[in-house]
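File shown: work_21.csv (CSV, C-alpha atoms).
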chain,number,residue,atom,x,y,z
A,1,MET,CA,-50.4,24.8,-64.7
A,2,ALA,CA,-47.0,25.9,-63.6
A,3,THR,CA,-44.5,27.2,-66.2
A,4,GLU,CA,-40.8,26.5,-65.9
A,5,PHE,CA,-38.4,29.0,-64.4
A,6,ARG,CA,-37.1,31.4,-67.0
A,7,ARG,CA,-34.9,34.4,-67.0
A,8,THR,CA,-36.6,37.6,-68.2
A,9,ALA,CA,-35.9,41.4,-68.0
A,10,ARG,CA,-37.7,41.4,-64.6
A,11,GLY,CA,-35.6,38.6,-63.1
A,12,ILE,CA,-36.1,34.8,-62.7
A,13,GLU,CA,-39.8,34.1,-63.2
A,14,VAL,CA,-42.1,31.2,-62.7
A,15,ARG,CA,-45.8,31.0,-62.8
A,16,LEU,CA,-47.7,28.9,-60.2
A,17,SER,CA,-51.4,28.3,-59.6
A,18,SER,CA,-52.7,29.4,-56.2
A,19,GLY,CA,-53.1,25.7,-55.3
A,20,GLU,CA,-49.5,25.0,-56.2
A,21,THR,CA,-48.3,28.0,-54.2
A,22,ASP,CA,-50.3,26.8,-51.2
A,23,ALA,CA,-48.7,23.4,-51.4
A,24,VAL,CA,-45.2,24.7,-51.7
A,25,VAL,CA,-45.8,27.2,-48.9
A,26,GLN,CA,-47.1,24.4,-46.7
A,27,VAL,CA,-44.1,22.1,-47.1
A,28,LEU,CA,-41.7,25.0,-46.7
A,29,GLY,CA,-43.4,25.8,-43.4
A,30,ASP,CA,-43.2,22.1,-42.3
A,31,VAL,CA,-39.5,22.0,-42.9
A,32,ARG,CA,-39.1,25.4,-41.1
A,33,GLN,CA,-40.8,23.8,-38.1
A,34,LEU,CA,-38.6,20.8,-38.3
A,35,LEU,CA,-35.4,22.9,-38.3
A,36,ALA,CA,-36.7,25.4,-35.6
A,37,ASP,CA,-38.4,23.0,-33.2
A,38,ASP,CA,-35.5,20.8,-32.5
A,39,ALA,CA,-33.0,23.6,-32.2
A,40,PRO,CA,-31.0,23.6,-28.9
A,41,PRO,CA,-31.6,26.7,-26.8
A,42,ALA,CA,-29.0,29.4,-27.1
A,43,PRO,CA,-26.3,28.9,-24.4
A,44,ALA,CA,-26.3,31.2,-21.3
A,45,VAL,CA,-23.3,33.6,-21.5
A,46,PRO,CA,-21.2,33.3,-18.4
A,47,ASP,CA,-21.1,36.6,-16.3
A,48,TRP,CA,-17.3,37.1,-16.9
A,49,ALA,CA,-17.9,36.9,-20.7
A,50,ALA,CA,-20.9,39.2,-20.6
A,51,GLU,CA,-18.8,41.8,-18.7
A,52,LEU,CA,-16.2,41.7,-21.4
A,53,GLY,CA,-18.9,42.1,-24.1
A,54,LEU,CA,-18.4,38.6,-25.4
A,55,ASP,CA,-22.0,37.8,-26.2
A,56,ASP,CA,-21.3,35.1,-28.7
A,57,LEU,CA,-18.3,33.0,-28.1
A,58,GLY,CA,-19.2,30.8,-31.1
A,59,VAL,CA,-18.9,27.7,-28.9
A,60,ASP,CA,-21.8,26.0,-27.5
A,61,PRO,CA,-20.6,24.0,-24.5
A,62,GLY,CA,-24.1,23.0,-23.7
A,63,ALA,CA,-25.2,22.2,-27.2
A,64,ASP,CA,-26.0,18.6,-28.1
A,65,PRO,CA,-23.3,17.3,-30.3
A,66,THR,CA,-25.1,14.2,-31.3
A,67,PRO,CA,-26.9,13.9,-34.7
A,68,PRO,CA,-30.6,14.7,-34.7
A,69,ALA,CA,-32.9,11.8,-33.8
A,70,ASP,CA,-35.3,12.6,-36.7
A,71,ALA,CA,-33.9,10.9,-39.8
A,72,ALA,CA,-34.9,13.7,-42.2
A,73,LEU,CA,-33.4,16.4,-40.0
A,74,ALA,CA,-30.2,14.2,-39.7
A,75,ARG,CA,-30.0,14.3,-43.5
A,76,LEU,CA,-30.2,18.1,-43.5
A,77,LEU,CA,-27.5,18.3,-40.7
A,78,PRO,CA,-25.4,15.2,-41.5
A,79,SER,CA,-22.2,14.0,-39.7
A,80,ALA,CA,-19.2,15.6,-41.2
A,81,THR,CA,-16.6,12.9,-40.7
A,82,GLY,CA,-16.2,9.2,-39.8
A,83,ASP,CA,-14.4,10.0,-36.6
A,84,GLU,CA,-17.1,10.4,-34.0
A,85,HIS,CA,-15.2,12.7,-31.7
A,86,ALA,CA,-14.3,15.0,-34.6
A,87,ALA,CA,-17.8,14.9,-35.9
A,88,LYS,CA,-19.2,16.0,-32.6
A,89,ASP,CA,-16.8,18.9,-32.4
A,90,PHE,CA,-17.7,19.9,-35.9
A,91,ARG,CA,-21.4,19.8,-35.1
A,92,ARG,CA,-21.0,21.7,-31.9
A,93,LEU,CA,-19.3,24.5,-33.8
A,94,THR,CA,-21.4,24.6,-37.0
A,95,GLU,CA,-24.9,23.2,-36.4
A,96,ARG,CA,-26.5,26.4,-35.1
A,97,GLY,CA,-25.1,28.4,-38.0
A,98,LEU,CA,-26.3,25.8,-40.5
A,99,ARG,CA,-29.8,25.7,-39.1
A,100,GLY,CA,-29.9,29.4,-39.2
A,101,ALA,CA,-28.8,29.5,-42.8
A,102,LYS,CA,-31.4,26.9,-43.9
A,103,LEU,CA,-34.1,28.8,-42.0
A,104,GLU,CA,-33.1,32.0,-43.7
A,105,ALA,CA,-33.3,30.4,-47.1
A,106,ILE,CA,-36.9,29.2,-46.3
A,107,SER,CA,-37.9,32.6,-45.0
A,108,VAL,CA,-36.6,34.3,-48.2
A,109,SER,CA,-38.5,31.7,-50.3
A,110,LEU,CA,-41.8,32.1,-48.4
A,111,GLU,CA,-41.6,35.9,-48.8
A,112,ALA,CA,-40.9,35.6,-52.5
A,113,LEU,CA,-43.8,33.2,-53.1
A,114,ARG,CA,-46.3,35.2,-51.2
A,115,GLY,CA,-45.1,38.6,-52.3
A,116,ARG,CA,-46.5,38.9,-55.8
A,117,SER,CA,-49.9,37.3,-55.0
A,118,ALA,CA,-50.3,39.6,-52.0
A,119,GLU,CA,-49.6,42.6,-54.3
A,120,GLN,CA,-52.1,41.4,-56.9
A,121,ALA,CA,-54.8,40.9,-54.3
A,122,ALA,CA,-54.2,44.5,-53.1
A,123,GLU,CA,-55.1,45.9,-56.5
A,124,PRO,CA,-58.6,47.3,-56.7
A,125,GLY,CA,-61.1,45.1,-58.4
A,126,ASN,CA,-58.8,42.2,-57.6
A,127,GLU,CA,-60.1,41.3,-54.1
A,128,ALA,CA,-60.6,37.6,-55.0
A,129,ARG,CA,-57.3,35.8,-54.7
A,130,PRO,CA,-55.8,35.5,-58.2
A,131,GLU,CA,-55.6,32.0,-59.6
A,132,VAL,CA,-52.2,32.7,-61.1
A,133,ASN,CA,-49.2,33.6,-59.0
A,134,GLU,CA,-46.4,35.2,-61.0
A,135,VAL,CA,-43.3,34.8,-58.9
A,136,VAL,CA,-40.3,37.0,-59.8
A,137,LEU,CA,-37.0,36.3,-58.1
A,138,ASP,CA,-33.8,38.3,-58.0
A,139,ASP,CA,-30.5,36.3,-58.1
A,140,ARG,CA,-30.2,36.2,-54.3
A,141,GLN,CA,-33.8,34.9,-53.9
A,142,ALA,CA,-33.2,32.4,-56.7
A,143,VAL,CA,-30.2,30.9,-54.9
A,144,ALA,CA,-32.1,30.8,-51.6
A,145,PHE,CA,-35.1,29.1,-53.2
A,146,SER,CA,-32.9,26.4,-54.8
A,147,ARG,CA,-31.4,25.7,-51.4
A,148,ALA,CA,-34.8,25.6,-49.7
A,149,LEU,CA,-36.2,23.4,-52.5
A,150,THR,CA,-33.3,21.0,-51.9
A,151,ASP,CA,-33.9,20.8,-48.2
A,152,VAL,CA,-37.7,20.3,-48.7
A,153,ARG,CA,-37.1,17.5,-51.2
A,154,LEU,CA,-34.6,15.8,-48.9
A,155,VAL,CA,-37.2,15.8,-46.1
A,156,MET,CA,-40.0,14.6,-48.4
A,157,ALA,CA,-37.8,11.8,-49.8
A,158,GLN,CA,-37.1,10.5,-46.4
A,159,ARG,CA,-40.8,10.5,-45.5
A,160,LEU,CA,-41.5,8.6,-48.8
A,161,GLY,CA,-38.9,6.0,-47.8
A,162,ILE,CA,-36.6,7.0,-50.7
A,163,GLU,CA,-33.1,5.8,-49.8
A,164,THR,CA,-31.7,4.7,-53.2
A,165,GLU,CA,-32.2,5.7,-56.8
A,166,GLU,CA,-34.2,2.5,-57.2
A,167,ASP,CA,-36.6,3.7,-54.4
A,168,ALA,CA,-37.0,7.0,-56.2
A,169,ASP,CA,-37.8,5.3,-59.5
A,170,ALA,CA,-40.3,3.0,-57.7
A,171,VAL,CA,-42.2,5.9,-56.1
A,172,HIS,CA,-42.4,7.6,-59.5
A,173,ASP,CA,-43.7,4.4,-61.2
A,174,TRP,CA,-46.2,3.8,-58.4
A,175,LEU,CA,-47.5,7.3,-58.8
A,176,GLY,CA,-47.9,6.7,-62.5
A,177,GLU,CA,-50.0,3.6,-61.9
A,178,HIS,CA,-52.3,5.3,-59.3
A,179,ALA,CA,-52.6,8.7,-60.9
A,180,ASP,CA,-56.5,8.5,-61.3
A,181,ASP,CA,-57.3,6.3,-58.3
A,182,ASP,CA,-58.6,8.9,-55.9
A,183,LEU,CA,-61.6,6.8,-55.0
A,184,GLN,CA,-61.6,4.1,-52.3
A,185,GLN,CA,-60.7,0.8,-54.1
A,186,PRO,CA,-62.5,-2.5,-53.5
A,187,GLY,CA,-60.9,-4.4,-50.7
A,188,GLU,CA,-59.2,-1.2,-49.4
A,189,SER,CA,-60.0,-0.2,-45.8
A,190,HIS,CA,-60.8,3.4,-45.0
A,191,GLU,CA,-57.4,3.8,-43.3
A,192,GLU,CA,-55.5,2.2,-46.2
A,193,TRP,CA,-57.4,4.5,-48.6
A,194,GLN,CA,-56.6,7.7,-46.6
A,195,PHE,CA,-53.0,6.6,-46.2
A,196,ARG,CA,-52.7,6.0,-49.9
A,197,LEU,CA,-54.2,9.4,-50.7
A,198,ARG,CA,-51.7,11.2,-48.4
A,199,ALA,CA,-48.8,9.2,-49.9
A,200,GLN,CA,-50.0,10.1,-53.5
A,201,TRP,CA,-50.3,13.8,-52.6
A,202,LEU,CA,-46.7,13.7,-51.1
A,203,ALA,CA,-45.3,11.8,-54.1
A,204,GLN,CA,-47.0,14.1,-56.6
A,205,LEU,CA,-45.7,17.2,-54.7
A,206,TYR,CA,-42.2,15.7,-54.6
A,207,ASP,CA,-42.3,15.1,-58.4
A,208,PHE,CA,-43.5,18.7,-58.9
A,209,LEU,CA,-40.8,20.2,-56.7
A,210,THR,CA,-38.2,18.1,-58.5
A,211,TRP,CA,-39.4,19.5,-61.8
A,212,LEU,CA,-39.3,23.0,-60.4
A,213,GLN,CA,-35.8,22.6,-59.1
A,214,GLU,CA,-34.6,21.1,-62.3
A,215,SER,CA,-35.6,24.2,-64.3
A,216,LEU,CA,-34.3,26.6,-61.6
A,217,SER,CA,-30.9,24.8,-61.5
A,218,GLY,CA,-30.8,25.1,-65.3
A,219,VAL,CA,-31.4,28.9,-65.2
A,220,LEU,CA,-28.8,29.3,-62.5
A,221,LEU,CA,-26.2,27.2,-64.3
A,222,ALA,CA,-26.7,29.1,-67.6
A,223,ALA,CA,-25.6,32.3,-65.9
A,224,LEU,CA,-22.2,30.9,-64.9
A,225,PRO,CA,-19.2,31.2,-67.2
A,226,GLU,CA,-17.9,28.1,-68.8
A,227,ASP,CA,-14.3,28.7,-67.6
A,228,GLY,CA,-13.4,28.5,-63.9
A,229,ASP,CA,-12.1,31.5,-62.1
A,230,GLY,CA,-9.0,29.7,-60.8
A,231,ARG,CA,-9.7,30.3,-57.1
A,232,ARG,CA,-9.4,26.7,-56.2
A,233,GLN,CA,-7.3,23.9,-57.7
A,234,PRO,CA,-9.5,21.1,-58.9
A,235,PRO,CA,-8.6,17.6,-57.7
A,236,PRO,CA,-6.5,15.6,-60.1
A,237,LEU,CA,-8.3,13.2,-62.5
A,238,SER,CA,-9.0,10.1,-60.4
A,239,ASP,CA,-6.7,7.2,-61.2
A,240,GLY,CA,-9.4,4.5,-61.2
A,241,ASP,CA,-10.3,4.7,-57.5
B,242,MET,CA,34.1,12.8,-38.6
B,243,SER,CA,33.7,12.6,-42.3
B,244,SER,CA,33.2,15.9,-44.1
B,245,ALA,CA,31.5,14.3,-47.1
B,246,ALA,CA,28.3,16.0,-48.2
B,247,VAL,CA,25.1,14.2,-47.2
B,248,PRO,CA,23.0,13.0,-50.1
B,249,VAL,CA,19.9,15.2,-50.6
B,250,GLU,CA,17.5,12.2,-50.5
B,251,ASP,CA,18.6,11.3,-47.0
B,252,VAL,CA,17.9,14.9,-45.8
B,253,LEU,CA,14.4,15.0,-47.4
B,254,GLY,CA,13.4,11.5,-46.4
B,255,ASP,CA,10.7,9.6,-48.1
B,256,SER,CA,7.0,10.7,-48.3
B,257,ARG,CA,6.0,8.9,-45.1
B,258,THR,CA,7.9,11.4,-43.0
B,259,ARG,CA,6.5,14.5,-44.7
B,260,PRO,CA,4.2,16.3,-42.3
B,261,ASP,CA,0.6,17.5,-43.1
B,262,LYS,CA,-0.8,14.8,-45.4
B,263,PRO,CA,-3.5,16.8,-47.2
B,264,TRP,CA,-7.1,16.6,-46.2
B,265,VAL,CA,-9.9,16.1,-48.7
B,266,THR,CA,-13.6,16.9,-48.9
B,267,ILE,CA,-15.7,14.1,-50.3
B,268,VAL,CA,-19.2,14.5,-51.6
B,269,TRP,CA,-21.4,11.3,-51.5
B,270,ASN,CA,-24.1,10.4,-53.9
B,271,ASP,CA,-27.8,10.5,-52.8
B,272,PRO,CA,-31.0,9.8,-54.6
B,273,VAL,CA,-32.5,13.3,-54.2
B,274,ASN,CA,-29.9,15.8,-55.5
B,275,LEU,CA,-30.2,16.6,-59.2
B,276,MET,CA,-27.2,16.4,-61.5
B,277,SER,CA,-27.8,20.0,-62.7
B,278,TYR,CA,-28.0,21.2,-59.1
B,279,VAL,CA,-24.8,19.4,-58.0
B,280,THR,CA,-23.0,20.8,-61.1
B,281,TYR,CA,-24.2,24.2,-60.2
B,282,VAL,CA,-23.0,23.9,-56.6
B,283,PHE,CA,-19.5,22.7,-57.7
B,284,GLN,CA,-19.1,25.4,-60.3
B,285,SER,CA,-20.4,28.3,-58.2
B,286,TYR,CA,-18.9,27.5,-54.8
B,287,PHE,CA,-15.4,26.3,-56.0
B,288,GLY,CA,-15.2,28.4,-59.1
B,289,TYR,CA,-14.4,25.3,-61.1
B,290,SER,CA,-15.0,25.3,-64.9
B,291,ARG,CA,-18.2,23.7,-66.2
B,292,GLU,CA,-16.1,20.8,-67.5
B,293,VAL,CA,-14.5,20.1,-64.1
B,294,ALA,CA,-17.8,20.5,-62.2
B,295,GLU,CA,-19.6,18.1,-64.6
B,296,ARG,CA,-16.7,15.5,-64.3
B,297,LEU,CA,-16.9,15.6,-60.5
B,298,MET,CA,-20.7,15.4,-60.5
B,299,LYS,CA,-20.5,12.3,-62.8
B,300,ASP,CA,-18.0,10.7,-60.4
B,301,VAL,CA,-20.3,11.3,-57.5
B,302,HIS,CA,-23.2,9.8,-59.4
B,303,ILE,CA,-21.5,6.8,-61.0
B,304,LYS,CA,-18.8,6.0,-58.4
B,305,GLY,CA,-20.9,6.9,-55.3
B,306,ARG,CA,-18.6,9.6,-54.1
B,307,ALA,CA,-15.9,12.0,-55.3
B,308,VAL,CA,-13.1,14.0,-53.8
B,309,VAL,CA,-14.1,17.6,-54.6
B,310,SER,CA,-11.3,19.6,-53.0
B,311,SER,CA,-8.1,19.1,-51.0
B,312,GLY,CA,-6.0,21.3,-48.6
B,313,SER,CA,-5.7,22.0,-45.0
B,314,LEU,CA,-8.1,20.6,-42.4
B,315,GLU,CA,-9.5,24.1,-41.8
B,316,GLU,CA,-10.2,24.6,-45.5
B,317,MET,CA,-11.9,21.2,-45.8
B,318,GLU,CA,-14.1,21.8,-42.7
B,319,ARG,CA,-15.2,25.1,-44.4
B,320,ASP,CA,-15.9,23.3,-47.7
B,321,THR,CA,-17.9,20.5,-45.9
B,322,GLU,CA,-20.0,23.0,-44.0
B,323,ALA,CA,-20.7,24.9,-47.3
B,324,MET,CA,-21.7,21.6,-49.0
B,325,HIS,CA,-24.1,20.9,-46.1
B,326,GLY,CA,-25.6,24.3,-46.6
B,327,TYR,CA,-26.4,23.4,-50.2
B,328,GLY,CA,-28.0,20.1,-49.1
B,329,LEU,CA,-25.2,17.9,-50.3
B,330,TRP,CA,-23.8,15.2,-48.1
B,331,ALA,CA,-20.1,15.8,-47.6
B,332,THR,CA,-17.4,14.6,-45.2
B,333,PHE,CA,-13.8,15.6,-44.7
B,334,SER,CA,-10.9,13.1,-44.1
B,335,GLN,CA,-7.3,12.5,-44.7
B,336,ASP,CA,-8.1,9.3,-46.4
B,337,ARG,CA,-9.0,9.8,-50.1
B,338,ASP,CA,-10.9,6.5,-50.0
B,339,PRO,CA,-12.7,6.0,-46.7
B,340,GLY,CA,-15.2,3.3,-46.2
B,341,GLY,CA,-18.8,4.1,-47.3
B,342,HIS,CA,-21.3,5.2,-44.6

Could I get this structure in the form of structure tokens?
Amino acid sequence: MATEFRRTARGIEVRLSSGETDAVVQVLGDVRQLLADDAPPAPAVPDWAAELGLDDLGVDPGADPTPPADAALARLLPSATGDEHAAKDFRRLTERGLRGAKLEAISVSLEALRGRSAEQAAEPGNEARPEVNEVVLDDRQAVAFSRALTDVRLVMAQRLGIETEEDADAVHDWLGEHADDDLQQPGESHEEWQFRLRAQWLAQLYDFLTWLQESLSGVLLAALPEDGDGRRQPPPLSDGD
Amino acid sequence: MSSAAVPVEDVLGDSRTRPDKPWVTIVWNDPVNLMSYVTYVFQSYFGYSREVAERLMKDVHIKGRAVVSSGSLEEMERDTEAMHGYGLWATFSQDRDPGGH
């Protein structure tokens, strides 16, 4: 049902069904929960700092510098270097900001996904929820959505057990084999059947989000000039390392 | 004491004594990130040309990792943080060829 992302006079558009919108909104909400729940509490500002008006020292002496226990969250907030001490320092200084930025991208995305369909529902004679959700993004929302899609796909891949490219191919193939097997199969227990349905739903949604992100990346890339802007010196051609 | 001029090479020393060996940012391959997305990130964040961005993306994909920038430690920490913001897995180090994770 969904169309690909395309650039039009209105902005960057995509058309989703209400069911597709619901599914995307659900997983965005799940990842938002994952990022927000585990967040360490804001540090108490010592009195001497508060008196000087230093509300945000930018350093979290009480923040947990160890990687998140949840494997999916750890992939969203990975260790930045091999040296454990340096990695902890880096995490202490940057994790809160990174979480905040990822949460912001999800918020912007949720707002963009709900926005149009809420407008359409508000039109007189249109009280029933429209089957088609026409999403129109501006450039800022498009970048935010591509980042949020990445984070959601990273979490979903971890839940699907995808660790290598071979795993990703295997999940895709498995889905192809079971595409029409919604019914309980002979020899399959109730639990196995329910587990399989959930896994199928997750894998199907992962494929769909991958397809969405591919088309969005294409639209974003097409807007960039071929030539670099010379800000940064590219690394030299690798000499066979 | 001799008043002979000291050869320039003796004054500069060899490369091992040069301070501030450059730091690098390395992006590691993962099975989730799309080639088009990685190219987009490299082009838009670093301002590299499409050609350079694609070359780096292919290196990540085929070799498992690629050095995407080099400079001071502070710059590399900034780049690494930015890459994490985009969902890429990046690390900073002074070693261009660190052991895989």

Find the residues with any atom within 12 Å of (-8.4, 12.6, -44.1); use all atoms listed in the file and the coordinates as given in the file, and write the answer as a ChimeraX atom specification.
/A:80-83,86 /B:261-267,308,310-315,317-318,332-340

Listing only residues of chain A within 8 Å of chain B, what is the closest atom pair and its distance in Å (to one decimal) for each, using only C-alpha atoms, sorted by chain and residue number ascending, as JSON lines?
{"residue": "A:Arg75", "atom": "CA", "partner": "B:Trp330", "partner_atom": "CA", "distance": 7.8}
{"residue": "A:Leu76", "atom": "CA", "partner": "B:Gly328", "partner_atom": "CA", "distance": 6.3}
{"residue": "A:Leu77", "atom": "CA", "partner": "B:His325", "partner_atom": "CA", "distance": 6.9}
{"residue": "A:Pro78", "atom": "CA", "partner": "B:Trp330", "partner_atom": "CA", "distance": 6.8}
{"residue": "A:Ser79", "atom": "CA", "partner": "B:Thr332", "partner_atom": "CA", "distance": 7.3}
{"residue": "A:Ala80", "atom": "CA", "partner": "B:Thr332", "partner_atom": "CA", "distance": 4.5}
{"residue": "A:Thr81", "atom": "CA", "partner": "B:Thr332", "partner_atom": "CA", "distance": 4.9}
{"residue": "A:Gly82", "atom": "CA", "partner": "B:Thr332", "partner_atom": "CA", "distance": 7.7}
{"residue": "A:Phe90", "atom": "CA", "partner": "B:Glu318", "partner_atom": "CA", "distance": 7.9}
{"residue": "A:Thr94", "atom": "CA", "partner": "B:Glu322", "partner_atom": "CA", "distance": 7.3}
{"residue": "A:Leu98", "atom": "CA", "partner": "B:Gly326", "partner_atom": "CA", "distance": 6.3}
{"residue": "A:Ala101", "atom": "CA", "partner": "B:Gly326", "partner_atom": "CA", "distance": 7.2}
{"residue": "A:Lys102", "atom": "CA", "partner": "B:Gly326", "partner_atom": "CA", "distance": 6.9}
{"residue": "A:Arg147", "atom": "CA", "partner": "B:Tyr327", "partner_atom": "CA", "distance": 5.6}
{"residue": "A:Thr150", "atom": "CA", "partner": "B:Gly328", "partner_atom": "CA", "distance": 6.1}
{"residue": "A:Asp151", "atom": "CA", "partner": "B:Gly328", "partner_atom": "CA", "distance": 6.0}
{"residue": "A:Arg153", "atom": "CA", "partner": "B:Val273", "partner_atom": "CA", "distance": 6.9}
{"residue": "A:Leu154", "atom": "CA", "partner": "B:Val273", "partner_atom": "CA", "distance": 6.2}
{"residue": "A:Ala157", "atom": "CA", "partner": "B:Val273", "partner_atom": "CA", "distance": 7.0}
{"residue": "A:Ile162", "atom": "CA", "partner": "B:Pro272", "partner_atom": "CA", "distance": 7.4}
{"residue": "A:Glu163", "atom": "CA", "partner": "B:Pro272", "partner_atom": "CA", "distance": 6.6}
{"residue": "A:Thr164", "atom": "CA", "partner": "B:Pro272", "partner_atom": "CA", "distance": 5.3}
{"residue": "A:Glu165", "atom": "CA", "partner": "B:Pro272", "partner_atom": "CA", "distance": 4.8}
{"residue": "A:Ala168", "atom": "CA", "partner": "B:Pro272", "partner_atom": "CA", "distance": 6.8}
{"residue": "A:Gln213", "atom": "CA", "partner": "B:Tyr278", "partner_atom": "CA", "distance": 7.9}
{"residue": "A:Glu214", "atom": "CA", "partner": "B:Ser277", "partner_atom": "CA", "distance": 6.9}
{"residue": "A:Ser217", "atom": "CA", "partner": "B:Tyr278", "partner_atom": "CA", "distance": 5.2}
{"residue": "A:Gly218", "atom": "CA", "partner": "B:Ser277", "partner_atom": "CA", "distance": 6.5}
{"residue": "A:Leu220", "atom": "CA", "partner": "B:Tyr281", "partner_atom": "CA", "distance": 7.2}
{"residue": "A:Leu221", "atom": "CA", "partner": "B:Tyr281", "partner_atom": "CA", "distance": 5.5}
{"residue": "A:Leu224", "atom": "CA", "partner": "B:Ser285", "partner_atom": "CA", "distance": 7.4}
{"residue": "A:Pro225", "atom": "CA", "partner": "B:Ser290", "partner_atom": "CA", "distance": 7.6}
{"residue": "A:Glu226", "atom": "CA", "partner": "B:Arg291", "partner_atom": "CA", "distance": 5.1}
{"residue": "A:Asp227", "atom": "CA", "partner": "B:Ser290", "partner_atom": "CA", "distance": 4.4}
{"residue": "A:Gly228", "atom": "CA", "partner": "B:Ser290", "partner_atom": "CA", "distance": 3.7}
{"residue": "A:Asp229", "atom": "CA", "partner": "B:Gly288", "partner_atom": "CA", "distance": 5.3}
{"residue": "A:Gly230", "atom": "CA", "partner": "B:Gly288", "partner_atom": "CA", "distance": 6.6}
{"residue": "A:Arg231", "atom": "CA", "partner": "B:Gly288", "partner_atom": "CA", "distance": 6.2}
{"residue": "A:Arg232", "atom": "CA", "partner": "B:Phe287", "partner_atom": "CA", "distance": 6.0}
{"residue": "A:Gln233", "atom": "CA", "partner": "B:Ser310", "partner_atom": "CA", "distance": 7.5}
{"residue": "A:Pro234", "atom": "CA", "partner": "B:Ser310", "partner_atom": "CA", "distance": 6.3}
{"residue": "A:Pro235", "atom": "CA", "partner": "B:Ser310", "partner_atom": "CA", "distance": 5.8}
{"residue": "A:Asp241", "atom": "CA", "partner": "B:Asp338", "partner_atom": "CA", "distance": 7.7}

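Separating atom CA of Leu137 of chain A from atom CA of Gly11 of chain A is a distance of 5.7 Å.
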
List the neighbours of segment 134-136 of chain A out to 10 Å using only C-alpha atoms; skip same-chain residues closer than 4 positions along the sequence, and give me the result as a list in words.
Ala2, Thr3, Phe5, Arg6, Arg7, Thr8, Arg10, Gly11, Ile12, Glu13, Val14, Arg15, Leu16, Ser17, Ser18, Thr21, Ala112, Leu113, Arg114, Gly115, Arg116, Ser117, Gln120, Pro130, Gln141 and Ala142 of chain A

May I have the selected residues written with C-alpha atoms, as a compact mmCIF listing (two decimals), in the coordinates of the input?
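So the final result, stored in out19.txt, reads:
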# COMPACT_ATOMS: atom_id res chain seq x y z
CA ALA A 2 -47.00 25.90 -63.60
CA THR A 3 -44.50 27.20 -66.20
CA PHE A 5 -38.40 29.00 -64.40
CA ARG A 6 -37.10 31.40 -67.00
CA ARG A 7 -34.90 34.40 -67.00
CA THR A 8 -36.60 37.60 -68.20
CA ARG A 10 -37.70 41.40 -64.60
CA GLY A 11 -35.60 38.60 -63.10
CA ILE A 12 -36.10 34.80 -62.70
CA GLU A 13 -39.80 34.10 -63.20
CA VAL A 14 -42.10 31.20 -62.70
CA ARG A 15 -45.80 31.00 -62.80
CA LEU A 16 -47.70 28.90 -60.20
CA SER A 17 -51.40 28.30 -59.60
CA SER A 18 -52.70 29.40 -56.20
CA THR A 21 -48.30 28.00 -54.20
CA ALA A 112 -40.90 35.60 -52.50
CA LEU A 113 -43.80 33.20 -53.10
CA ARG A 114 -46.30 35.20 -51.20
CA GLY A 115 -45.10 38.60 -52.30
CA ARG A 116 -46.50 38.90 -55.80
CA SER A 117 -49.90 37.30 -55.00
CA GLN A 120 -52.10 41.40 -56.90
CA PRO A 130 -55.80 35.50 -58.20
CA GLN A 141 -33.80 34.90 -53.90
CA ALA A 142 -33.20 32.40 -56.70

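Atom CA of Ala144 of chain A to atom CA of Asp207 of chain A spans 19.9 Å [interatomic distance, one decimal].
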
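The residue set within 9 Å of Met156 of chain A, counting all atoms listed in the file and dropping same-chain residues fewer than 2 places from it, reads A:Val27, A:Ala72, A:Asp151, A:Val152, A:Arg153, A:Leu154, A:Gln158, A:Arg159, A:Leu160, A:Gly161, A:Ile162, A:Leu202, A:Ala203, A:Leu205, A:Tyr206.
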
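Picture a line from atom CA of Trp211 of chain A to atom CA of Leu183 of chain A; it runs 26.5 Å.
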